[in-house]
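run-v7.cif (mmCIF, C-alpha atoms and all ligand atoms) appears below.
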data_target
#
loop_
_atom_site.group_PDB
_atom_site.id
_atom_site.type_symbol
_atom_site.label_atom_id
_atom_site.label_comp_id
_atom_site.auth_asym_id
_atom_site.auth_seq_id
_atom_site.Cartn_x
_atom_site.Cartn_y
_atom_site.Cartn_z
ATOM 1 C CA MET A 1499 0.000 0.000 0.000
ATOM 2 C CA THR A 1500 1.320 3.469 -0.901
ATOM 3 C CA HIS A 1501 0.864 5.871 1.964
ATOM 4 C CA PRO A 1502 0.243 9.539 1.114
ATOM 5 C CA ARG A 1503 2.925 12.016 2.138
ATOM 6 C CA ILE A 1504 1.552 14.025 5.048
ATOM 7 C CA ALA A 1505 2.909 17.382 6.220
ATOM 8 C CA PHE A 1506 1.857 18.762 9.595
ATOM 9 C CA ILE A 1507 2.139 22.538 9.810
ATOM 10 C CA GLY A 1508 2.525 23.067 13.556
ATOM 11 C CA ALA A 1509 3.767 20.238 15.757
ATOM 12 C CA GLY A 1510 1.969 20.886 19.039
ATOM 13 C CA ASN A 1511 -0.317 18.747 21.181
ATOM 14 C CA MET A 1512 -2.940 17.778 18.616
ATOM 15 C CA ALA A 1513 -0.475 17.226 15.770
ATOM 16 C CA ALA A 1514 1.638 15.014 18.040
ATOM 17 C CA SER A 1515 -1.451 12.940 18.933
ATOM 18 C CA LEU A 1516 -2.307 12.456 15.263
ATOM 19 C CA ILE A 1517 1.302 11.696 14.318
ATOM 20 C CA GLY A 1518 1.638 9.148 17.140
ATOM 21 C CA GLY A 1519 -1.635 7.483 16.135
ATOM 22 C CA LEU A 1520 -0.708 7.328 12.437
ATOM 23 C CA LEU A 1521 2.702 5.835 13.192
ATOM 24 C CA ALA A 1522 1.112 3.273 15.508
ATOM 25 C CA ARG A 1523 -1.179 2.370 12.608
ATOM 26 C CA GLY A 1524 1.853 1.585 10.464
ATOM 27 C CA VAL A 1525 2.346 4.765 8.459
ATOM 28 C CA PRO A 1526 6.112 4.865 7.778
ATOM 29 C CA THR A 1527 8.029 7.704 9.454
ATOM 30 C CA ALA A 1528 9.382 8.766 6.039
ATOM 31 C CA ARG A 1529 5.797 9.627 4.886
ATOM 32 C CA ILE A 1530 5.254 12.161 7.686
ATOM 33 C CA VAL A 1531 6.989 15.493 8.086
ATOM 34 C CA ALA A 1532 6.166 18.391 10.378
ATOM 35 C CA SER A 1533 7.144 22.010 10.809
ATOM 36 C CA GLU A 1534 7.492 23.979 13.985
ATOM 37 C CA PRO A 1535 9.118 27.354 14.753
ATOM 38 C CA HIS A 1536 10.704 26.451 18.094
ATOM 39 C CA ALA A 1537 13.900 24.414 18.126
ATOM 40 C CA GLU A 1538 13.181 22.676 21.425
ATOM 41 C CA GLN A 1539 9.761 21.456 20.292
ATOM 42 C CA ARG A 1540 11.221 20.386 16.922
ATOM 43 C CA GLN A 1541 13.812 18.252 18.694
ATOM 44 C CA ARG A 1542 11.252 16.813 21.112
ATOM 45 C CA ILE A 1543 8.819 15.721 18.395
ATOM 46 C CA ALA A 1544 11.585 14.411 16.135
ATOM 47 C CA ALA A 1545 13.092 12.376 18.991
ATOM 48 C CA GLU A 1546 9.713 11.090 20.197
ATOM 49 C CA HIS A 1547 8.350 10.043 16.814
ATOM 50 C CA GLY A 1548 11.407 9.618 14.582
ATOM 51 C CA ILE A 1549 10.036 11.944 11.899
ATOM 52 C CA ALA A 1550 11.666 14.960 10.267
ATOM 53 C CA VAL A 1551 10.582 18.227 11.882
ATOM 54 C CA LEU A 1552 11.579 21.320 9.913
ATOM 55 C CA GLU A 1553 11.608 24.984 10.820
ATOM 56 C CA ASP A 1554 10.131 26.132 7.532
ATOM 57 C CA ASN A 1555 6.439 25.492 6.777
ATOM 58 C CA ALA A 1556 6.891 25.719 2.997
ATOM 59 C CA ALA A 1557 9.751 23.205 3.067
ATOM 60 C CA ALA A 1558 7.588 20.787 5.068
ATOM 61 C CA ALA A 1559 4.658 21.161 2.647
ATOM 62 C CA ALA A 1560 6.837 20.604 -0.441
ATOM 63 C CA GLY A 1561 5.817 17.367 -2.137
ATOM 64 C CA ALA A 1562 3.039 16.589 0.342
ATOM 65 C CA ASP A 1563 -0.208 14.913 -0.739
ATOM 66 C CA ILE A 1564 -1.953 16.087 2.428
ATOM 67 C CA VAL A 1565 -1.083 19.282 4.306
ATOM 68 C CA VAL A 1566 -2.532 19.288 7.824
ATOM 69 C CA LEU A 1567 -2.909 22.777 9.283
ATOM 70 C CA ALA A 1568 -2.347 22.213 13.001
ATOM 71 C CA VAL A 1569 -1.508 25.673 14.303
ATOM 72 C CA LYS A 1570 -3.576 27.693 16.770
ATOM 73 C CA PRO A 1571 -6.559 29.555 15.246
ATOM 74 C CA GLN A 1572 -4.921 32.863 16.233
ATOM 75 C CA VAL A 1573 -1.991 32.375 13.814
ATOM 76 C CA MET A 1574 -3.858 30.503 11.076
ATOM 77 C CA LYS A 1575 -4.363 33.511 8.775
ATOM 78 C CA ASP A 1576 -0.679 34.484 8.743
ATOM 79 C CA VAL A 1577 0.414 30.860 8.349
ATOM 80 C CA CYS A 1578 -1.981 30.316 5.407
ATOM 81 C CA LEU A 1579 -1.070 33.547 3.614
ATOM 82 C CA ALA A 1580 2.626 32.648 3.819
ATOM 83 C CA LEU A 1581 2.061 29.016 2.870
ATOM 84 C CA ALA A 1582 -0.326 29.589 -0.077
ATOM 85 C CA PRO A 1583 2.324 30.025 -2.815
ATOM 86 C CA ALA A 1584 4.144 26.904 -1.623
ATOM 87 C CA LEU A 1585 1.190 24.503 -1.538
ATOM 88 C CA PRO A 1586 1.833 21.582 -3.900
ATOM 89 C CA GLN A 1587 -0.544 21.423 -6.883
ATOM 90 C CA GLY A 1588 -3.434 19.084 -6.122
ATOM 91 C CA ALA A 1589 -2.595 18.702 -2.450
ATOM 92 C CA LEU A 1590 -5.447 18.243 -0.006
ATOM 93 C CA VAL A 1591 -5.494 20.698 2.882
ATOM 94 C CA VAL A 1592 -6.877 19.361 6.156
ATOM 95 C CA SER A 1593 -7.478 21.976 8.845
ATOM 96 C CA ILE A 1594 -7.922 20.863 12.431
ATOM 97 C CA ALA A 1595 -8.281 24.383 13.836
ATOM 98 C CA ALA A 1596 -11.232 25.221 16.033
ATOM 99 C CA GLY A 1597 -13.472 27.916 14.633
ATOM 100 C CA ILE A 1598 -11.778 28.719 11.321
ATOM 101 C CA PRO A 1599 -14.300 28.188 8.472
ATOM 102 C CA CYS A 1600 -13.491 26.722 5.045
ATOM 103 C CA ALA A 1601 -14.444 30.069 3.433
ATOM 104 C CA SER A 1602 -11.678 31.835 5.394
ATOM 105 C CA LEU A 1603 -9.137 29.153 4.527
ATOM 106 C CA GLU A 1604 -10.137 29.409 0.848
ATOM 107 C CA ARG A 1605 -9.704 33.174 0.977
ATOM 108 C CA TRP A 1606 -6.217 32.845 2.463
ATOM 109 C CA LEU A 1607 -5.030 29.791 0.508
ATOM 110 C CA GLY A 1608 -6.777 30.294 -2.824
ATOM 111 C CA GLU A 1609 -8.871 27.764 -4.732
ATOM 112 C CA GLN A 1610 -8.064 24.661 -2.801
ATOM 113 C CA ALA A 1611 -9.520 21.342 -1.752
ATOM 114 C CA ILE A 1612 -10.057 21.702 1.993
ATOM 115 C CA VAL A 1613 -11.344 19.289 4.582
ATOM 116 C CA ARG A 1614 -12.094 20.916 7.889
ATOM 117 C CA CYS A 1615 -12.093 18.490 10.743
ATOM 118 C CA MET A 1616 -12.252 18.422 14.504
ATOM 119 C CA PRO A 1617 -10.241 15.542 15.974
ATOM 120 C CA ASN A 1618 -9.343 14.907 19.607
ATOM 121 C CA THR A 1619 -6.220 13.887 21.519
ATOM 122 C CA PRO A 1620 -7.131 10.201 22.119
ATOM 123 C CA SER A 1621 -6.136 9.875 18.427
ATOM 124 C CA LEU A 1622 -2.713 9.152 19.919
ATOM 125 C CA LEU A 1623 -4.055 5.764 21.074
ATOM 126 C CA ARG A 1624 -6.144 5.370 17.908
ATOM 127 C CA GLU A 1625 -9.236 5.996 20.062
ATOM 128 C CA GLY A 1626 -9.948 9.408 18.561
ATOM 129 C CA ALA A 1627 -13.295 10.825 17.456
ATOM 130 C CA SER A 1628 -13.511 13.339 14.623
ATOM 131 C CA GLY A 1629 -16.117 15.181 12.624
ATOM 132 C CA LEU A 1630 -15.205 16.084 9.035
ATOM 133 C CA TYR A 1631 -16.570 18.525 6.477
ATOM 134 C CA ALA A 1632 -15.270 18.910 2.914
ATOM 135 C CA ASN A 1633 -15.514 22.050 0.792
ATOM 136 C CA ALA A 1634 -16.935 21.908 -2.733
ATOM 137 C CA ARG A 1635 -13.477 21.703 -4.351
ATOM 138 C CA THR A 1636 -12.668 18.423 -2.616
ATOM 139 C CA SER A 1637 -12.866 15.431 -4.969
ATOM 140 C CA ALA A 1638 -14.354 12.075 -3.993
ATOM 141 C CA ALA A 1639 -10.828 10.612 -3.909
ATOM 142 C CA GLN A 1640 -9.662 13.387 -1.583
ATOM 143 C CA ARG A 1641 -12.657 12.867 0.710
ATOM 144 C CA GLU A 1642 -11.692 9.236 0.877
ATOM 145 C CA GLN A 1643 -8.095 10.214 1.638
ATOM 146 C CA ALA A 1644 -9.205 12.484 4.502
ATOM 147 C CA GLY A 1645 -11.571 9.810 5.840
ATOM 148 C CA GLU A 1646 -8.714 7.289 5.817
ATOM 149 C CA LEU A 1647 -6.358 9.751 7.549
ATOM 150 C CA LEU A 1648 -8.716 10.416 10.461
ATOM 151 C CA GLY A 1649 -10.200 6.907 10.358
ATOM 152 C CA ALA A 1650 -6.689 5.501 10.942
ATOM 153 C CA VAL A 1651 -6.667 7.066 14.410
ATOM 154 C CA GLY A 1652 -10.246 6.471 15.515
ATOM 155 C CA LEU A 1653 -13.845 7.217 14.621
ATOM 156 C CA ALA A 1654 -14.255 9.627 11.685
ATOM 157 C CA LEU A 1655 -17.753 10.907 10.916
ATOM 158 C CA TRP A 1656 -18.697 13.082 7.944
ATOM 159 C CA LEU A 1657 -20.946 16.037 8.690
ATOM 160 C CA ASP A 1658 -23.746 17.356 6.456
ATOM 161 C CA GLU A 1659 -23.161 20.976 7.375
ATOM 162 C CA GLU A 1660 -20.024 22.876 8.282
ATOM 163 C CA ALA A 1661 -21.817 24.606 11.183
ATOM 164 C CA GLN A 1662 -22.081 21.214 12.923
ATOM 165 C CA ILE A 1663 -18.326 21.388 13.577
ATOM 166 C CA ASP A 1664 -19.053 23.786 16.447
ATOM 167 C CA ALA A 1665 -21.138 21.061 18.107
ATOM 168 C CA VAL A 1666 -18.512 18.390 17.387
ATOM 169 C CA THR A 1667 -15.906 20.648 18.989
ATOM 170 C CA ALA A 1668 -18.106 21.004 22.074
ATOM 171 C CA VAL A 1669 -18.815 17.274 22.388
ATOM 172 C CA SER A 1670 -15.679 15.414 21.281
ATOM 173 C CA GLY A 1671 -12.985 17.965 20.381
ATOM 174 C CA SER A 1672 -12.928 19.446 23.868
ATOM 175 C CA GLY A 1673 -14.607 16.370 25.367
ATOM 176 C CA PRO A 1674 -11.530 14.526 26.647
ATOM 177 C CA ALA A 1675 -10.869 17.472 28.977
ATOM 178 C CA TYR A 1676 -14.311 17.085 30.593
ATOM 179 C CA PHE A 1677 -13.622 13.446 31.399
ATOM 180 C CA PHE A 1678 -10.149 14.319 32.711
ATOM 181 C CA LEU A 1679 -11.787 16.981 34.913
ATOM 182 C CA LEU A 1680 -14.228 14.387 36.247
ATOM 183 C CA MET A 1681 -11.329 12.002 36.926
ATOM 184 C CA GLU A 1682 -9.462 14.767 38.773
ATOM 185 C CA ALA A 1683 -12.536 15.621 40.844
ATOM 186 C CA MET A 1684 -13.315 11.965 41.658
ATOM 187 C CA SER A 1685 -9.708 11.338 42.597
ATOM 188 C CA ALA A 1686 -9.608 14.412 44.872
ATOM 189 C CA ALA A 1687 -12.883 13.380 46.536
ATOM 190 C CA GLY A 1688 -11.546 9.842 46.982
ATOM 191 C CA GLN A 1689 -8.531 11.255 48.791
ATOM 192 C CA ARG A 1690 -10.749 13.352 51.065
ATOM 193 C CA LEU A 1691 -12.629 10.130 51.831
ATOM 194 C CA GLY A 1692 -9.411 8.496 53.018
ATOM 195 C CA LEU A 1693 -7.693 6.913 49.993
ATOM 196 C CA ASP A 1694 -4.086 7.668 49.144
ATOM 197 C CA ALA A 1695 -3.558 9.762 45.996
ATOM 198 C CA ALA A 1696 -2.300 6.920 43.774
ATOM 199 C CA THR A 1697 -5.153 4.577 44.732
ATOM 200 C CA ALA A 1698 -7.846 7.243 44.301
ATOM 201 C CA SER A 1699 -6.477 8.301 40.915
ATOM 202 C CA LEU A 1700 -6.103 4.763 39.596
ATOM 203 C CA LEU A 1701 -9.626 3.810 40.702
ATOM 204 C CA ALA A 1702 -11.065 6.915 39.011
ATOM 205 C CA ARG A 1703 -9.158 6.348 35.744
ATOM 206 C CA GLN A 1704 -9.857 2.615 35.504
ATOM 207 C CA THR A 1705 -13.539 3.245 36.262
ATOM 208 C CA ALA A 1706 -13.674 5.787 33.401
ATOM 209 C CA LEU A 1707 -12.145 3.230 31.038
ATOM 210 C CA GLY A 1708 -14.489 0.462 32.186
ATOM 211 C CA ALA A 1709 -17.573 2.675 31.869
ATOM 212 C CA ALA A 1710 -16.523 3.924 28.416
ATOM 213 C CA ARG A 1711 -15.910 0.397 27.168
ATOM 214 C CA MET A 1712 -19.269 -0.819 28.493
ATOM 215 C CA ALA A 1713 -21.048 2.163 26.896
ATOM 216 C CA LEU A 1714 -19.388 1.492 23.537
ATOM 217 C CA GLU A 1715 -19.228 -2.282 23.467
ATOM 218 C CA SER A 1716 -22.669 -3.288 24.742
ATOM 219 C CA ASP A 1717 -26.000 -2.740 22.969
ATOM 220 C CA VAL A 1718 -27.373 -1.142 26.109
ATOM 221 C CA ASP A 1719 -27.601 2.641 26.225
ATOM 222 C CA PRO A 1720 -25.803 4.665 28.932
ATOM 223 C CA ALA A 1721 -29.041 5.538 30.740
ATOM 224 C CA GLU A 1722 -29.844 1.826 31.235
ATOM 225 C CA LEU A 1723 -26.233 1.036 32.169
ATOM 226 C CA ARG A 1724 -26.475 3.765 34.800
ATOM 227 C CA ARG A 1725 -29.765 2.333 36.123
ATOM 228 C CA ARG A 1726 -28.066 -1.067 36.468
ATOM 229 C CA VAL A 1727 -25.481 0.466 38.814
ATOM 230 C CA THR A 1728 -28.105 2.359 40.775
ATOM 231 C CA SER A 1729 -29.700 0.132 43.413
ATOM 232 C CA PRO A 1730 -32.908 1.557 44.893
ATOM 233 C CA LYS A 1731 -32.057 3.503 48.033
ATOM 234 C CA GLY A 1732 -28.397 2.583 47.550
ATOM 235 C CA THR A 1733 -25.105 4.466 47.345
ATOM 236 C CA THR A 1734 -25.242 5.384 43.633
ATOM 237 C CA GLU A 1735 -28.728 6.810 44.025
ATOM 238 C CA ALA A 1736 -27.404 8.997 46.822
ATOM 239 C CA ALA A 1737 -24.598 10.242 44.567
ATOM 240 C CA ILE A 1738 -26.833 10.786 41.509
ATOM 241 C CA ASN A 1739 -29.334 12.695 43.639
ATOM 242 C CA ALA A 1740 -26.492 14.950 44.795
ATOM 243 C CA PHE A 1741 -25.356 15.486 41.172
ATOM 244 C CA GLN A 1742 -28.892 16.337 40.083
ATOM 245 C CA ALA A 1743 -29.554 18.622 43.042
ATOM 246 C CA GLY A 1744 -26.440 20.506 41.935
ATOM 247 C CA GLY A 1745 -27.828 20.896 38.413
ATOM 248 C CA PHE A 1746 -25.421 18.465 36.724
ATOM 249 C CA GLU A 1747 -27.279 18.099 33.386
ATOM 250 C CA ALA A 1748 -27.891 21.850 33.110
ATOM 251 C CA LEU A 1749 -24.239 22.495 33.882
ATOM 252 C CA VAL A 1750 -23.092 20.070 31.165
ATOM 253 C CA ASP A 1751 -25.498 21.739 28.734
ATOM 254 C CA GLN A 1752 -24.154 25.157 29.687
ATOM 255 C CA ALA A 1753 -20.531 24.011 29.325
ATOM 256 C CA LEU A 1754 -21.055 22.498 25.865
ATOM 257 C CA HIS A 1755 -22.938 25.587 24.703
ATOM 258 C CA ALA A 1756 -20.030 27.715 25.933
ATOM 259 C CA ALA A 1757 -17.578 25.616 23.891
ATOM 260 C CA ALA A 1758 -19.751 25.747 20.739
ATOM 261 C CA HIS A 1759 -20.281 29.481 21.193
ATOM 262 C CA ARG A 1760 -16.522 30.008 21.561
ATOM 263 C CA SER A 1761 -15.957 28.043 18.332
ATOM 264 C CA ALA A 1762 -18.414 30.307 16.457
ATOM 265 C CA GLN A 1763 -16.864 33.364 18.082
ATOM 266 C CA LEU A 1764 -13.362 32.321 16.932
ATOM 267 C CA ALA A 1765 -14.728 32.239 13.365
ATOM 268 C CA GLU A 1766 -16.070 35.795 13.723
ATOM 269 C CA GLN A 1767 -12.921 37.139 15.371
ATOM 270 C CA LEU A 1768 -10.259 35.349 13.357
ATOM 271 C CA GLY A 1769 -11.943 34.360 10.093
ATOM 272 C CA GLN A 1770 -11.757 37.756 8.364
HETATM 273 N N1 LIG A 1801 -5.450 20.218 21.671
HETATM 274 C C1 LIG A 1801 -6.562 19.619 21.291
HETATM 275 O O1 LIG A 1801 -7.096 18.770 22.004
HETATM 276 C C2 LIG A 1801 -7.184 19.954 19.977
HETATM 277 C C3 LIG A 1801 -6.731 21.012 19.199
HETATM 278 N N2 LIG A 1801 -7.319 21.281 17.995
HETATM 279 C C4 LIG A 1801 -6.810 22.365 17.154
HETATM 280 O O2 LIG A 1801 -5.492 22.028 16.809
HETATM 281 C C5 LIG A 1801 -4.738 23.215 16.627
HETATM 282 C C6 LIG A 1801 -3.472 23.125 17.445
HETATM 283 O O3 LIG A 1801 -3.832 23.036 18.806
HETATM 284 P P1 LIG A 1801 -2.839 22.455 19.889
HETATM 285 O O4 LIG A 1801 -2.067 21.349 19.304
HETATM 286 O O5 LIG A 1801 -3.619 22.262 21.111
HETATM 287 O O6 LIG A 1801 -1.905 23.744 20.072
HETATM 288 P P2 LIG A 1801 -0.351 23.793 20.300
HETATM 289 O O7 LIG A 1801 -0.026 25.195 20.684
HETATM 290 O O8 LIG A 1801 0.086 22.679 21.177
HETATM 291 O O9 LIG A 1801 0.213 23.497 18.824
HETATM 292 C C7 LIG A 1801 0.393 24.463 17.836
HETATM 293 C C8 LIG A 1801 1.819 24.373 17.386
HETATM 294 O O10 LIG A 1801 2.022 25.254 16.288
HETATM 295 C C9 LIG A 1801 3.267 25.922 16.500
HETATM 296 N N3 LIG A 1801 3.303 27.157 15.741
HETATM 297 C C10 LIG A 1801 3.118 28.437 16.175
HETATM 298 N N4 LIG A 1801 3.271 29.307 15.143
HETATM 299 C C11 LIG A 1801 3.569 28.541 14.052
HETATM 300 C C12 LIG A 1801 3.859 28.864 12.701
HETATM 301 N N5 LIG A 1801 3.857 30.108 12.259
HETATM 302 N N6 LIG A 1801 4.137 27.857 11.855
HETATM 303 C C13 LIG A 1801 4.157 26.563 12.285
HETATM 304 N N7 LIG A 1801 3.893 26.208 13.557
HETATM 305 C C14 LIG A 1801 3.588 27.190 14.430
HETATM 306 C C15 LIG A 1801 3.287 26.155 17.981
HETATM 307 O O11 LIG A 1801 4.580 26.454 18.427
HETATM 308 P P3 LIG A 1801 4.750 27.320 19.793
HETATM 309 O O12 LIG A 1801 3.930 26.703 20.838
HETATM 310 O O13 LIG A 1801 6.193 27.184 20.058
HETATM 311 O O14 LIG A 1801 4.286 28.703 19.437
HETATM 312 C C16 LIG A 1801 2.790 24.817 18.503
HETATM 313 O O15 LIG A 1801 3.808 23.869 18.645
HETATM 314 C C17 LIG A 1801 -5.614 24.383 17.057
HETATM 315 O O16 LIG A 1801 -6.065 25.064 15.931
HETATM 316 C C18 LIG A 1801 -6.736 23.717 17.824
HETATM 317 O O17 LIG A 1801 -7.944 24.418 17.693
HETATM 318 C C19 LIG A 1801 -8.339 20.521 17.513
HETATM 319 C C20 LIG A 1801 -8.817 19.481 18.228
HETATM 320 C C21 LIG A 1801 -8.334 19.141 19.537
HETATM 321 O O1 LIG A 1802 -9.546 24.135 23.368
HETATM 322 C C1 LIG A 1802 -9.477 24.291 22.154
HETATM 323 O O2 LIG A 1802 -9.747 25.391 21.634
HETATM 324 C C2 LIG A 1802 -9.066 23.145 21.285
HETATM 325 C C3 LIG A 1802 -10.123 22.788 20.273
HETATM 326 C C4 LIG A 1802 -10.761 21.538 20.787
HETATM 327 C C5 LIG A 1802 -9.880 21.096 21.842
HETATM 328 N N1 LIG A 1802 -8.926 21.950 22.069
#

Spell out the structure here as structure tokens.
Ligand SMILES: NC(=O)C1=CN([C@@H]2O[C@H](COP(=O)(O)OP(=O)(O)OC[C@H]3O[C@@H](n4cnc5c(N)ncnc54)[C@H](OP(=O)(O)O)[C@@H]3O)[C@@H](O)[C@H]2O)C=CC1
Ligand SMILES: O=C(O)[C@@H]1CCC=N1
Amino acid sequence: MTHPRIAFIGAGNMAASLIGGLLARGVPTARIVASEPHAEQRQRIAAEHGIAVLEDNAAAAAGADIVVLAVKPQVMKDVCLALAPALPQGALVVSIAAGIPCASLERWLGEQAIVRCMPNTPSLLREGASGLYANARTSAAQREQAGELLGAVGLALWLDEEAQIDAVTAVSGSGPAYFFLLMEAMSAAGQRLGLDAATASLLARQTALGAARMALESDVDPAELRRRVTSPKGTTEAAINAFQAGGFEALVDQALHAAAHRSAQLAEQLGQ
């Protein structure tokens, strides 16, 4: 199988997760290159993953079949304007930036096949979840290429409308952080209840893994799985009642709306 040549522009947290996941899937190191302005980060990523990490974005993009834009939304315009003349003919651009719409990328890069996607960091373990949206210039073969790229590191779902990316960002793009927050809070509470830090943390993390696997691997929906843990007048009921008295569902709703709103706001602020 011939692997496409993939260039990552920006080698930060999300790029490193995708790179790690792709390599674990068997993509040869020689097919992946990245660029990154800071020498220390270049050396770290190169040493960790065994790929070439260059200083110059244009040099990294040269000869690439897929150029993944993995810089922060705040620098995306400048990066695109500088990169535009160096984009290889026929290359597919994949943007993972929160907020930045395809129309802005097209304005900065020129007439270009662009897939906008929202991945998440569990891609590193090939347990990622991404939503993808392709602009009108993207061919069927390029859509397939993008689907394979993100599908190699986890679940990759195509979206009907670009605006849905804001919701994907709120649910799964930012989502790992919510579960980490819950693990932190459960671990801290466990310690206050008398467990040592290592035991409380391990119990919280393993329980998250077990619950996630049950929710994904059984035919039973999470609400029923929760009911099966919740004995009438038992300990779980006491905990769930406390969550609900504190407005847990409303708080989750509020948090996800804040994330989606921030994604739309980034488009307004940075997409011009
Ligand atoms: N982190 C996540 O979980 C997710 C992030 N994303 C998106 O991925 C993108 C990257 O986020 P994340 O990885 O968290 O951020 P990071 O800051 O970790 O990564 C961005 C990288 O780009 C580098 N960079 C800065 N300026 C340039 C430039 N001009 N050319 C090339 N590289 C540059 C940064 O270097 P330096 O730090 O030295 O300035 C940094 O290493 C964002 O657009 C974000 O919205 C999407 C989904 C999930
Ligand atoms: O926090 C952020 O803006 C990025 C996008 C999704 C996850 N991290």

Against ligand LIG 1801 (chain A), which residues of chain A fall within 7 Å? For each one I want the closest pair of atoms and the distance in Å (one decimal), counting all atoms listed in the file, rows by chain and increasing residue number, as CSV.
residue,atom,partner,partner_atom,distance
A:Ile1507,CA,A:LIG1801,C13,5.1
A:Gly1508,CA,A:LIG1801,N7,3.4
A:Ala1509,CA,A:LIG1801,O15,4.6
A:Gly1510,CA,A:LIG1801,O9,3.2
A:Asn1511,CA,A:LIG1801,O4,3.7
A:Met1512,CA,A:LIG1801,O4,3.7
A:Ala1513,CA,A:LIG1801,O4,5.7
A:Ser1533,CA,A:LIG1801,C13,5.6
A:Glu1534,CA,A:LIG1801,N7,4.3
A:Pro1535,CA,A:LIG1801,N7,5.5
A:His1536,CA,A:LIG1801,O13,5.0
A:Gln1539,CA,A:LIG1801,O15,6.6
A:Asn1555,CA,A:LIG1801,N6,6.1
A:Ala1568,CA,A:LIG1801,C5,4.5
A:Val1569,CA,A:LIG1801,O10,4.1
A:Lys1570,CA,A:LIG1801,O16,3.7
A:Pro1571,CA,A:LIG1801,O16,4.6
A:Val1573,CA,A:LIG1801,N4,6.2
A:Val1577,CA,A:LIG1801,N5,5.3
A:Ile1594,CA,A:LIG1801,C4,5.1
A:Ala1595,CA,A:LIG1801,O16,3.1
A:Ala1596,CA,A:LIG1801,O17,3.8
A:Met1616,CA,A:LIG1801,C20,5.2
A:Pro1617,CA,A:LIG1801,C20,4.8
A:Asn1618,CA,A:LIG1801,C21,4.4
A:Thr1619,CA,A:LIG1801,O1,5.0
A:Gly1671,CA,A:LIG1801,C21,4.9
A:Ser1672,CA,A:LIG1801,O1,6.2

| field | Residue neighbourhood region 1696-1708 of chain A, 12 Å, all atoms listed in the file, exclusion window fewer than 2 positions, as a list in words | value |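 Here the answer would be Glu1625, Pro1674, Tyr1676, Phe1677, Phe1678, Leu1679, Leu1680, Met1681, Glu1682, Ala1683, Met1684, Ser1685, Ala1686, Ala1687, Gly1688, Gln1689, Arg1690, Leu1691, Gly1692, Leu1693, Asp1694, Ala1710, Arg1711, Met1712, Ala1713, Leu1714, Glu1715, Ser1716 and Leu1723 of chain A.
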
| message | Given the point (-14.3, 35.2, 10.8) in the file's coordinates, find the residues that have an atom at most 12 Å from it, counting all atoms listed in the file, and give them as a ChimeraX atom specification. | response | /A:1571-1572,1574-1575,1596-1603,1605-1606,1761-1770

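With all atoms listed in the file as the basis for measurement, A:Gly1629 is the residue among A:Gly1629, A:Asn1739, A:Val1750, A:Ser1637 that approaches ligand LIG 1802 (chain A) most closely.
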
| request: Can you work out the spacing between CA of Glu1722 (chain A) and CA of Leu1754 (chain A) in Å, to one decimal? | output: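 One can read the CA of Glu1722 (chain A) to CA of Leu1754 (chain A) distance as 23.1 Å.
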
Axis-aligned box for region 1571-1576 of chain A, 4 Å per side, centre and edges in Å as JSON:
{"center_x": -3.6, "center_y": 32.0, "center_z": 12.5, "size_x": 13.9, "size_y": 12.9, "size_z": 15.5}

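This file gives the following result for the PyMOL selection byres (((chain A and resi 1648) around 9) and not hetatm): Leu1516, Leu1520, Cys1615, Pro1617, Ser1621, Gly1626, Ala1627, Ser1628, Leu1630, Gln1643, Ala1644, Gly1645, Glu1646, Leu1647, Gly1649, Ala1650, Val1651, Gly1652, Leu1653 and Ala1654 of chain A.
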
List the neighbours of Ala1589 (chain A) out to 12 Å using only C-alpha atoms; skip same-chain residues closer than 2 positions along the sequence, and give me the result as a JSON list (two decimals) with C-alpha atoms, in the coordinates of the input.
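Output file around_0.json is given in full below:
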[["chain", "number", "residue", "atom", "x", "y", "z"],
["A", 1502, "PRO", "CA", 0.24, 9.54, 1.11],
["A", 1503, "ARG", "CA", 2.92, 12.02, 2.14],
["A", 1504, "ILE", "CA", 1.55, 14.02, 5.05],
["A", 1505, "ALA", "CA", 2.91, 17.38, 6.22],
["A", 1559, "ALA", "CA", 4.66, 21.16, 2.65],
["A", 1560, "ALA", "CA", 6.84, 20.60, -0.44],
["A", 1561, "GLY", "CA", 5.82, 17.37, -2.14],
["A", 1562, "ALA", "CA", 3.04, 16.59, 0.34],
["A", 1563, "ASP", "CA", -0.21, 14.91, -0.74],
["A", 1564, "ILE", "CA", -1.95, 16.09, 2.43],
["A", 1565, "VAL", "CA", -1.08, 19.28, 4.31],
["A", 1566, "VAL", "CA", -2.53, 19.29, 7.82],
["A", 1582, "ALA", "CA", -0.33, 29.59, -0.08],
["A", 1584, "ALA", "CA", 4.14, 26.90, -1.62],
["A", 1585, "LEU", "CA", 1.19, 24.50, -1.54],
["A", 1586, "PRO", "CA", 1.83, 21.58, -3.90],
["A", 1587, "GLN", "CA", -0.54, 21.42, -6.88],
["A", 1591, "VAL", "CA", -5.49, 20.70, 2.88],
["A", 1592, "VAL", "CA", -6.88, 19.36, 6.16],
["A", 1607, "LEU", "CA", -5.03, 29.79, 0.51],
["A", 1609, "GLU", "CA", -8.87, 27.76, -4.73],
["A", 1610, "GLN", "CA", -8.06, 24.66, -2.80],
["A", 1611, "ALA", "CA", -9.52, 21.34, -1.75],
["A", 1612, "ILE", "CA", -10.06, 21.70, 1.99],
["A", 1613, "VAL", "CA", -11.34, 19.29, 4.58],
["A", 1635, "ARG", "CA", -13.48, 21.70, -4.35],
["A", 1636, "THR", "CA", -12.67, 18.42, -2.62],
["A", 1637, "SER", "CA", -12.87, 15.43, -4.97],
["A", 1639, "ALA", "CA", -10.83, 10.61, -3.91],
["A", 1640, "GLN", "CA", -9.66, 13.39, -1.58],
["A", 1643, "GLN", "CA", -8.10, 10.21, 1.64],
["A", 1644, "ALA", "CA", -9.20, 12.48, 4.50]]
